[in-house]
$ cat protein38.cif   # mmCIF, C-alpha atoms, pLDDT in the B column; chains and numbers go by the auth columns
data_query
loop_
_atom_site.group_PDB
_atom_site.id
_atom_site.type_symbol
_atom_site.label_atom_id
_atom_site.label_comp_id
_atom_site.label_asym_id
_atom_site.label_seq_id
_atom_site.Cartn_x
_atom_site.Cartn_y
_atom_site.Cartn_z
_atom_site.B_iso_or_equiv
_atom_site.auth_seq_id
_atom_site.auth_asym_id
ATOM 1 C CA MET A 1 93.580 -36.431 -81.834 65.00 3 A
ATOM 2 C CA ASP A 2 96.186 -33.714 -81.273 93.00 4 A
ATOM 3 C CA ARG A 3 97.035 -33.309 -84.971 97.00 5 A
ATOM 4 C CA PRO A 4 95.008 -32.669 -88.121 98.00 6 A
ATOM 5 C CA HIS A 5 93.575 -35.475 -90.215 98.00 7 A
ATOM 6 C CA ILE A 6 96.296 -35.949 -92.841 98.00 8 A
ATOM 7 C CA SER A 7 95.917 -36.983 -96.473 98.00 9 A
ATOM 8 C CA LEU A 8 98.508 -37.399 -99.233 97.00 10 A
ATOM 9 C CA ASN A 9 98.348 -37.003 -102.980 96.00 11 A
ATOM 10 C CA PHE A 10 100.921 -38.351 -105.430 93.00 12 A
ATOM 11 C CA ALA A 11 101.223 -39.263 -109.079 92.00 13 A
ATOM 12 C CA ILE A 12 103.314 -42.405 -109.525 92.00 14 A
ATOM 13 C CA SER A 13 104.756 -44.020 -112.613 90.00 15 A
ATOM 14 C CA ALA A 14 104.059 -47.582 -113.750 90.00 16 A
ATOM 15 C CA ASP A 15 106.857 -48.802 -111.467 89.00 17 A
ATOM 16 C CA GLY A 16 105.625 -46.844 -108.445 88.00 18 A
ATOM 17 C CA ARG A 17 108.159 -44.006 -108.636 88.00 19 A
ATOM 18 C CA ILE A 18 107.680 -40.282 -108.122 86.00 20 A
ATOM 19 C CA THR A 19 109.459 -37.521 -110.009 70.00 21 A
ATOM 20 C CA SER A 20 111.880 -36.052 -107.463 50.00 22 A
ATOM 21 C CA ILE A 21 114.972 -37.584 -109.051 45.00 23 A
ATOM 22 C CA ALA A 22 113.618 -38.044 -112.555 41.00 24 A
ATOM 23 C CA GLY A 23 113.954 -34.338 -113.365 48.00 25 A
ATOM 24 C CA ILE A 24 110.316 -34.028 -114.412 50.00 26 A
ATOM 25 C CA ARG A 25 108.139 -31.310 -112.926 54.00 27 A
ATOM 26 C CA SER A 26 104.516 -31.815 -111.962 60.00 28 A
ATOM 27 C CA GLY A 27 101.945 -31.554 -114.745 68.00 29 A
ATOM 28 C CA TRP A 28 103.031 -34.713 -116.577 78.00 30 A
ATOM 29 C CA THR A 29 99.722 -36.459 -115.939 87.00 31 A
ATOM 30 C CA SER A 30 96.365 -36.012 -117.695 90.00 32 A
ATOM 31 C CA PRO A 31 93.971 -33.040 -117.380 91.00 33 A
ATOM 32 C CA ALA A 32 91.650 -35.388 -115.450 93.00 34 A
ATOM 33 C CA ASP A 33 94.372 -35.894 -112.857 92.00 35 A
ATOM 34 C CA GLN A 34 95.048 -32.158 -112.667 91.00 36 A
ATOM 35 C CA ALA A 35 91.341 -31.628 -111.930 93.00 37 A
ATOM 36 C CA ARG A 36 91.468 -34.295 -109.228 93.00 38 A
ATOM 37 C CA PHE A 37 94.558 -32.600 -107.782 92.00 39 A
ATOM 38 C CA ALA A 38 92.545 -29.376 -107.407 94.00 40 A
ATOM 39 C CA ARG A 39 89.530 -31.161 -105.906 95.00 41 A
ATOM 40 C CA LEU A 40 91.649 -32.798 -103.223 95.00 42 A
ATOM 41 C CA ARG A 41 92.719 -29.346 -102.051 96.00 43 A
ATOM 42 C CA GLU A 42 89.191 -27.998 -101.711 94.00 44 A
ATOM 43 C CA ASN A 43 88.412 -29.148 -98.160 91.00 45 A
ATOM 44 C CA ALA A 44 91.896 -28.690 -96.711 97.00 46 A
ATOM 45 C CA ASP A 45 92.473 -26.272 -93.850 98.00 47 A
ATOM 46 C CA ALA A 46 96.222 -26.535 -94.523 98.00 48 A
ATOM 47 C CA LEU A 47 98.428 -27.618 -97.425 98.00 49 A
ATOM 48 C CA MET A 48 101.938 -28.892 -96.735 98.00 50 A
ATOM 49 C CA VAL A 49 105.006 -29.770 -98.791 97.00 51 A
ATOM 50 C CA GLY A 50 108.708 -30.247 -98.273 96.00 52 A
ATOM 51 C CA ARG A 51 111.070 -27.530 -99.454 96.00 53 A
ATOM 52 C CA GLY A 52 112.520 -29.702 -102.243 92.00 54 A
ATOM 53 C CA THR A 53 109.086 -30.310 -103.768 92.00 55 A
ATOM 54 C CA LEU A 54 108.184 -26.637 -103.396 94.00 56 A
ATOM 55 C CA GLU A 55 111.244 -25.618 -105.383 93.00 57 A
ATOM 56 C CA ALA A 56 111.154 -28.399 -107.974 89.00 58 A
ATOM 57 C CA ASP A 57 107.530 -27.723 -108.900 89.00 59 A
ATOM 58 C CA ARG A 58 107.552 -23.945 -108.268 92.00 60 A
ATOM 59 C CA MET A 59 104.432 -24.383 -106.139 95.00 61 A
ATOM 60 C CA THR A 60 102.358 -21.534 -104.729 97.00 62 A
ATOM 61 C CA LEU A 61 99.974 -23.796 -102.743 97.00 63 A
ATOM 62 C CA ARG A 62 96.921 -21.767 -103.655 95.00 64 A
ATOM 63 C CA ALA A 63 93.360 -23.023 -103.238 96.00 65 A
ATOM 64 C CA PRO A 64 89.991 -21.220 -103.308 95.00 66 A
ATOM 65 C CA ALA A 65 89.449 -21.446 -99.533 96.00 67 A
ATOM 66 C CA ASN A 66 92.911 -19.948 -98.816 97.00 68 A
ATOM 67 C CA PRO A 67 94.183 -22.737 -96.542 98.00 69 A
ATOM 68 C CA LEU A 68 97.346 -22.353 -94.510 98.00 70 A
ATOM 69 C CA ARG A 69 100.385 -22.861 -96.730 98.00 71 A
ATOM 70 C CA CYS A 70 103.039 -24.873 -94.886 98.00 72 A
ATOM 71 C CA VAL A 71 106.558 -25.769 -95.989 98.00 73 A
ATOM 72 C CA VAL A 72 108.961 -28.034 -94.106 98.00 74 A
ATOM 73 C CA SER A 73 112.742 -27.806 -94.331 97.00 75 A
ATOM 74 C CA SER A 74 115.379 -29.443 -92.189 95.00 76 A
ATOM 75 C CA ALA A 75 117.862 -26.574 -92.481 96.00 77 A
ATOM 76 C CA GLY A 76 115.195 -23.848 -92.595 95.00 78 A
ATOM 77 C CA ARG A 77 116.566 -22.359 -95.823 95.00 79 A
ATOM 78 C CA PHE A 78 114.202 -20.892 -98.381 96.00 80 A
ATOM 79 C CA ASP A 79 114.509 -18.788 -101.521 95.00 81 A
ATOM 80 C CA PRO A 80 112.881 -15.395 -100.806 96.00 82 A
ATOM 81 C CA ALA A 81 112.369 -14.954 -104.566 97.00 83 A
ATOM 82 C CA HIS A 82 110.248 -18.116 -104.825 97.00 84 A
ATOM 83 C CA PRO A 83 106.735 -17.504 -106.255 97.00 85 A
ATOM 84 C CA LEU A 84 105.143 -18.768 -103.021 98.00 86 A
ATOM 85 C CA PHE A 85 106.255 -15.625 -101.205 98.00 87 A
ATOM 86 C CA HIS A 86 104.922 -13.313 -103.903 97.00 88 A
ATOM 87 C CA THR A 87 101.521 -14.918 -104.571 97.00 89 A
ATOM 88 C CA GLU A 88 98.336 -14.067 -102.709 97.00 90 A
ATOM 89 C CA GLY A 89 96.760 -16.904 -100.758 97.00 91 A
ATOM 90 C CA GLY A 90 96.501 -18.338 -97.284 98.00 92 A
ATOM 91 C CA PRO A 91 98.971 -17.538 -94.470 98.00 93 A
ATOM 92 C CA ILE A 92 102.435 -19.028 -94.963 98.00 94 A
ATOM 93 C CA HIS A 93 104.043 -21.083 -92.184 98.00 95 A
ATOM 94 C CA LEU A 94 107.647 -22.258 -92.495 98.00 96 A
ATOM 95 C CA LEU A 95 109.058 -25.073 -90.347 98.00 97 A
ATOM 96 C CA GLY A 96 112.756 -25.643 -89.766 98.00 98 A
ATOM 97 C CA THR A 97 113.326 -28.918 -87.944 97.00 99 A
ATOM 98 C CA THR A 98 117.074 -28.691 -87.230 97.00 100 A
ATOM 99 C CA ALA A 99 117.500 -24.928 -87.567 97.00 101 A
ATOM 100 C CA ALA A 100 115.135 -21.992 -87.285 97.00 102 A
ATOM 101 C CA PRO A 101 113.754 -20.928 -90.673 96.00 103 A
ATOM 102 C CA MET A 102 115.104 -17.776 -92.218 94.00 104 A
ATOM 103 C CA GLU A 103 112.947 -14.702 -91.786 95.00 105 A
ATOM 104 C CA ILE A 104 110.896 -13.848 -94.851 97.00 106 A
ATOM 105 C CA PRO A 105 108.382 -10.969 -94.737 96.00 107 A
ATOM 106 C CA GLY A 106 104.773 -12.116 -94.630 96.00 108 A
ATOM 107 C CA THR A 107 105.558 -15.563 -93.211 98.00 109 A
ATOM 108 C CA THR A 108 105.476 -17.165 -89.767 98.00 110 A
ATOM 109 C CA GLY A 109 108.476 -19.259 -88.781 98.00 111 A
ATOM 110 C CA HIS A 110 108.498 -22.327 -86.540 98.00 112 A
ATOM 111 C CA HIS A 111 111.464 -24.248 -85.153 98.00 113 A
ATOM 112 C CA GLY A 112 111.000 -27.730 -83.740 97.00 114 A
ATOM 113 C CA SER A 113 109.840 -31.219 -84.595 97.00 115 A
ATOM 114 C CA LEU A 114 107.305 -32.116 -87.239 98.00 116 A
ATOM 115 C CA ALA A 115 105.093 -33.605 -84.523 97.00 117 A
ATOM 116 C CA ASP A 116 105.097 -30.328 -82.584 97.00 118 A
ATOM 117 C CA PHE A 117 104.302 -28.411 -85.770 98.00 119 A
ATOM 118 C CA LEU A 118 101.299 -30.643 -86.476 98.00 120 A
ATOM 119 C CA ARG A 119 100.018 -30.048 -82.950 98.00 121 A
ATOM 120 C CA THR A 120 100.452 -26.299 -83.461 98.00 122 A
ATOM 121 C CA LEU A 121 98.448 -26.411 -86.682 98.00 123 A
ATOM 122 C CA ARG A 122 95.657 -28.297 -84.926 98.00 124 A
ATOM 123 C CA LYS A 123 95.561 -25.659 -82.178 97.00 125 A
ATOM 124 C CA MET A 124 95.286 -23.037 -84.918 97.00 126 A
ATOM 125 C CA GLY A 125 92.109 -24.738 -86.125 97.00 127 A
ATOM 126 C CA ALA A 126 93.471 -26.925 -88.934 98.00 128 A
ATOM 127 C CA ARG A 127 91.374 -30.091 -88.868 98.00 129 A
ATOM 128 C CA TYR A 128 92.312 -31.402 -92.308 98.00 130 A
ATOM 129 C CA LEU A 129 95.866 -31.167 -93.679 98.00 131 A
ATOM 130 C CA HIS A 130 96.670 -32.213 -97.249 98.00 132 A
ATOM 131 C CA CYS A 131 100.310 -33.089 -98.033 98.00 133 A
ATOM 132 C CA GLU A 132 101.628 -33.044 -101.604 95.00 134 A
ATOM 133 C CA GLY A 133 105.162 -34.362 -101.086 89.00 135 A
ATOM 134 C CA GLY A 134 107.921 -35.000 -101.162 90.00 136 A
ATOM 135 C CA GLY A 135 109.043 -38.453 -100.222 91.00 137 A
ATOM 136 C CA THR A 136 111.270 -37.423 -97.311 93.00 138 A
ATOM 137 C CA LEU A 137 108.429 -35.542 -95.616 96.00 139 A
ATOM 138 C CA VAL A 138 105.983 -38.378 -96.226 96.00 140 A
ATOM 139 C CA ARG A 139 108.394 -40.907 -94.762 94.00 141 A
ATOM 140 C CA ALA A 140 108.584 -38.794 -91.607 95.00 142 A
ATOM 141 C CA LEU A 141 104.781 -38.746 -91.433 97.00 143 A
ATOM 142 C CA ALA A 142 104.625 -42.504 -92.017 95.00 144 A
ATOM 143 C CA GLU A 143 107.163 -43.179 -89.277 94.00 145 A
ATOM 144 C CA MET A 144 104.830 -41.259 -86.953 94.00 146 A
ATOM 145 C CA ASP A 145 101.872 -43.306 -88.281 95.00 147 A
ATOM 146 C CA ALA A 146 100.230 -39.968 -89.052 97.00 148 A
ATOM 147 C CA ILE A 147 98.848 -40.684 -92.549 98.00 149 A
ATOM 148 C CA ASP A 148 95.075 -41.147 -92.596 98.00 150 A
ATOM 149 C CA GLU A 149 94.389 -41.144 -96.341 98.00 151 A
ATOM 150 C CA ILE A 150 96.474 -41.777 -99.460 98.00 152 A
ATOM 151 C CA HIS A 151 95.382 -40.630 -102.921 97.00 153 A
ATOM 152 C CA LEU A 152 97.390 -41.902 -105.884 96.00 154 A
ATOM 153 C CA THR A 153 97.250 -41.465 -109.612 94.00 155 A
ATOM 154 C CA TRP A 154 98.927 -44.504 -111.105 93.00 156 A
ATOM 155 C CA ALA A 155 100.163 -43.344 -114.513 91.00 157 A
ATOM 156 C CA GLY A 156 100.951 -46.440 -116.544 84.00 158 A
ATOM 157 C CA HIS A 157 102.100 -44.333 -119.484 87.00 159 A
ATOM 158 C CA ARG A 158 105.401 -43.447 -117.754 83.00 160 A
ATOM 159 C CA LEU A 159 108.272 -45.594 -116.507 81.00 161 A
ATOM 160 C CA PHE A 160 110.884 -43.700 -114.492 81.00 162 A
ATOM 161 C CA GLY A 161 113.060 -46.568 -113.248 77.00 163 A
ATOM 162 C CA GLY A 162 116.346 -46.405 -111.382 77.00 164 A
ATOM 163 C CA ALA A 163 117.577 -48.348 -108.377 79.00 165 A
ATOM 164 C CA THR A 164 117.563 -45.220 -106.202 82.00 166 A
ATOM 165 C CA ALA A 165 114.478 -43.524 -107.663 83.00 167 A
ATOM 166 C CA PRO A 166 112.103 -42.558 -104.843 86.00 168 A
ATOM 167 C CA GLY A 167 108.622 -43.823 -104.123 88.00 169 A
ATOM 168 C CA ILE A 168 106.037 -41.965 -102.078 91.00 170 A
ATOM 169 C CA THR A 169 108.047 -42.530 -98.878 91.00 171 A
ATOM 170 C CA GLY A 170 111.307 -41.351 -100.387 88.00 172 A
ATOM 171 C CA ALA A 171 114.435 -43.138 -101.536 85.00 173 A
ATOM 172 C CA PRO A 172 114.696 -46.886 -100.878 84.00 174 A
ATOM 173 C CA GLY A 173 115.766 -47.567 -97.297 82.00 175 A
ATOM 174 C CA GLY A 174 114.928 -49.465 -94.166 81.00 176 A
ATOM 175 C CA PHE A 175 111.522 -50.863 -93.347 84.00 177 A
ATOM 176 C CA PHE A 176 109.140 -49.135 -90.955 84.00 178 A
ATOM 177 C CA PRO A 177 109.058 -50.455 -87.388 82.00 179 A
ATOM 178 C CA ALA A 178 105.726 -52.116 -88.249 87.00 180 A
ATOM 179 C CA SER A 179 103.545 -52.452 -91.330 92.00 181 A
ATOM 180 C CA GLN A 180 100.494 -50.221 -91.648 94.00 182 A
ATOM 181 C CA ALA A 181 97.179 -51.439 -93.034 96.00 183 A
ATOM 182 C CA TYR A 182 95.103 -49.371 -95.483 97.00 184 A
ATOM 183 C CA GLU A 183 91.697 -50.052 -97.017 98.00 185 A
ATOM 184 C CA LEU A 184 91.092 -49.355 -100.703 98.00 186 A
ATOM 185 C CA THR A 185 88.232 -46.842 -100.950 98.00 187 A
ATOM 186 C CA CYS A 186 88.428 -45.755 -104.585 97.00 188 A
ATOM 187 C CA PHE A 187 89.500 -47.561 -107.763 97.00 189 A
ATOM 188 C CA GLU A 188 88.780 -45.543 -110.901 96.00 190 A
ATOM 189 C CA PRO A 189 90.560 -46.611 -114.090 96.00 191 A
ATOM 190 C CA LEU A 190 90.841 -44.070 -116.895 94.00 192 A
ATOM 191 C CA GLU A 191 91.555 -46.279 -119.896 91.00 193 A
ATOM 192 C CA LYS A 192 91.890 -43.468 -122.432 91.00 194 A
ATOM 193 C CA GLU A 193 94.366 -41.549 -120.267 93.00 195 A
ATOM 194 C CA GLY A 194 96.327 -44.665 -119.278 93.00 196 A
ATOM 195 C CA GLU A 195 95.868 -43.783 -115.598 95.00 197 A
ATOM 196 C CA CYS A 196 94.020 -45.057 -112.550 96.00 198 A
ATOM 197 C CA PHE A 197 92.822 -43.097 -109.517 97.00 199 A
ATOM 198 C CA LEU A 198 93.298 -44.902 -106.217 97.00 200 A
ATOM 199 C CA SER A 199 92.404 -43.880 -102.675 98.00 201 A
ATOM 200 C CA TYR A 200 93.163 -45.623 -99.393 98.00 202 A
ATOM 201 C CA ARG A 201 92.102 -45.087 -95.783 98.00 203 A
ATOM 202 C CA ARG A 202 94.190 -46.063 -92.775 98.00 204 A
ATOM 203 C CA GLN A 203 92.718 -48.974 -90.846 96.00 205 A
ATOM 204 C CA ARG A 204 93.127 -48.437 -87.130 90.00 206 A
ATOM 205 C CA THR A 205 92.085 -50.860 -84.404 78.00 207 A
#
$ encode --input "protein38.cif" --output "structure tokens"
Amino acid sequence: MDRPHISLNFAISADGRITSIAGIRSGWTSPADQARFARLRENADALMVGRGTLEADRMTLRAPANPLRCVVSSAGRFDPAHPLFHTEGGPIHLLGTTAAPMEIPGTTGHHGSLADFLRTLRKMGARYLHCEGGGTLVRALAEMDAIDEIHLTWAGHRLFGGATAPGITGAPGGFFPASQAYELTCFEPLEKEGECFLSYRRQRT
């Protein structure tokens, strides 16, 4: 495999939506889910998000083992004042897919395809990459069939709704070239919290 093993983590509402268009920042789920969120980061060699998610949630991508902190942007534009660039943690790598990322002190910029970036991370020693959104980035990974694990918190206590509200692979759009099979590996209902933890593993022949 010339890329890291890739996992995802999302909280979804009762109707399967994520928060990108709902105007709600992360942290709307239970403390149990926040603890799970932290645990899923523990074994990652690299954490990755899209620029929109980084800005919406004011993420710093910190974890105890100081994994690589990776952000993907089509245009390569970033806010130098964002907390990510002023918080201690693992090395920061910025990918611009259509334009080279702007230069920000203390970061390493990359210009090219997402596939090339994943290969670069693997060569740097990243065996396990954990992606935390958003939908546009995850759709790109799914179109590459590069998602090995999916972790979801299904929060039945929220209903976001909306014909154009995004799911974990972004805004509603065309189907993938082929369906992808996943095996359920964890089903943990939390009745008191009104949530359920779900995990899936990609089935490959």
$ closest_residue --input "protein38.cif" --among "A:Phe39, A:Arg64, A:Met50, A:His84" --to "Leu97 in chain A" --atoms "only C-alpha atoms"
A:Met50
$ closest_residue --input "protein38.cif" --among "A:Gly54, A:Gly78, A:Gly127, A:Gly172" --to "Pro6 in chain A" --atoms "all atoms listed in the file"
A:Gly127
$ resolve_selection --input "protein38.cif" --expression "the PyMOL selection byres ((chain A and resi 14) around 10)" --output "mmCIF file with C-alpha atoms, keeping the file's coordinate frame"
data_model
loop_
_atom_site.group_PDB
_atom_site.id
_atom_site.type_symbol
_atom_site.label_atom_id
_atom_site.label_comp_id
_atom_site.auth_asym_id
_atom_site.auth_seq_id
_atom_site.Cartn_x
_atom_site.Cartn_y
_atom_site.Cartn_z
ATOM 1 C CA ASN A 11 98.348 -37.003 -102.980
ATOM 2 C CA PHE A 12 100.921 -38.351 -105.430
ATOM 3 C CA ALA A 13 101.223 -39.263 -109.079
ATOM 4 C CA SER A 15 104.756 -44.020 -112.613
ATOM 5 C CA ALA A 16 104.059 -47.582 -113.750
ATOM 6 C CA ASP A 17 106.857 -48.802 -111.467
ATOM 7 C CA GLY A 18 105.625 -46.844 -108.445
ATOM 8 C CA ARG A 19 108.159 -44.006 -108.636
ATOM 9 C CA ILE A 20 107.680 -40.282 -108.122
ATOM 10 C CA THR A 21 109.459 -37.521 -110.009
ATOM 11 C CA THR A 31 99.722 -36.459 -115.939
ATOM 12 C CA LEU A 154 97.390 -41.902 -105.884
ATOM 13 C CA THR A 155 97.250 -41.465 -109.612
ATOM 14 C CA TRP A 156 98.927 -44.504 -111.105
ATOM 15 C CA ALA A 157 100.163 -43.344 -114.513
ATOM 16 C CA GLY A 158 100.951 -46.440 -116.544
ATOM 17 C CA ARG A 160 105.401 -43.447 -117.754
ATOM 18 C CA LEU A 161 108.272 -45.594 -116.507
ATOM 19 C CA PHE A 162 110.884 -43.700 -114.492
ATOM 20 C CA PRO A 168 112.103 -42.558 -104.843
ATOM 21 C CA GLY A 169 108.622 -43.823 -104.123
ATOM 22 C CA ILE A 170 106.037 -41.965 -102.078
ATOM 23 C CA GLU A 197 95.868 -43.783 -115.598
#
$ closest_atom_pairs --input "protein38.cif" --of "range 42-74 of chain A" --to "range 100-105 of chain A" --cutoff "12 Å" --atoms "all atoms listed in the file" --output "CSV"
residue,atom,partner,partner_atom,distance
A:Arg53,CA,A:Pro103,CA,11.3
A:Val73,CA,A:Pro103,CA,10.2
A:Val74,CA,A:Pro103,CA,9.2
$ write_last_selection --input "protein38.cif" --atoms "C-alpha atoms" --output "CSV table (one decimal), in the coordinates of the input"
chain,number,residue,atom,x,y,z
A,53,ARG,CA,111.1,-27.5,-99.5
A,73,VAL,CA,106.6,-25.8,-96.0
A,74,VAL,CA,109.0,-28.0,-94.1
$ resolve_selection --input "protein38.cif" --expression "the PyMOL selection byres ((chain A and resi 92-96) around 7)" --output "list of chain:residue names"
A:Asn68, A:Pro69, A:Leu70, A:Arg71, A:Cys72, A:Val73, A:Val74, A:Gly91, A:Leu97, A:Gly98, A:Pro103, A:Thr109, A:Thr110, A:Gly111, A:His112
$ residues_around --input "protein38.cif" --residues "Thr55 in chain A" --least-positions-apart "3" --cutoff "9 Å" --atoms "only C-alpha atoms" --output "list in words"
Ser22, Val51, Gly52, Ala58, Asp59, Arg60, Met61, Glu134, Gly135, Gly136 and Gly137 of chain A
$ residues_around --input "protein38.cif" --residues "Ser181 in chain A" --least-positions-apart "3" --cutoff "12 Å" --atoms "all atoms listed in the file" --output "MDAnalysis selection string"
chainID A and resid 144:145 147 177:178 184 204:206
$ residues_around --input "protein38.cif" --residues "Met126 in chain A" --least-positions-apart "5" --cutoff "10 Å" --atoms "all atoms listed in the file" --output "list in words"
Asp47, Leu70, Leu120 and Arg121 of chain A
$ atom_distance --input "protein38.cif" --atom1 "CA of Phe119 in chain A" --atom2 "CA of Glu151 in chain A"
19.3 Å
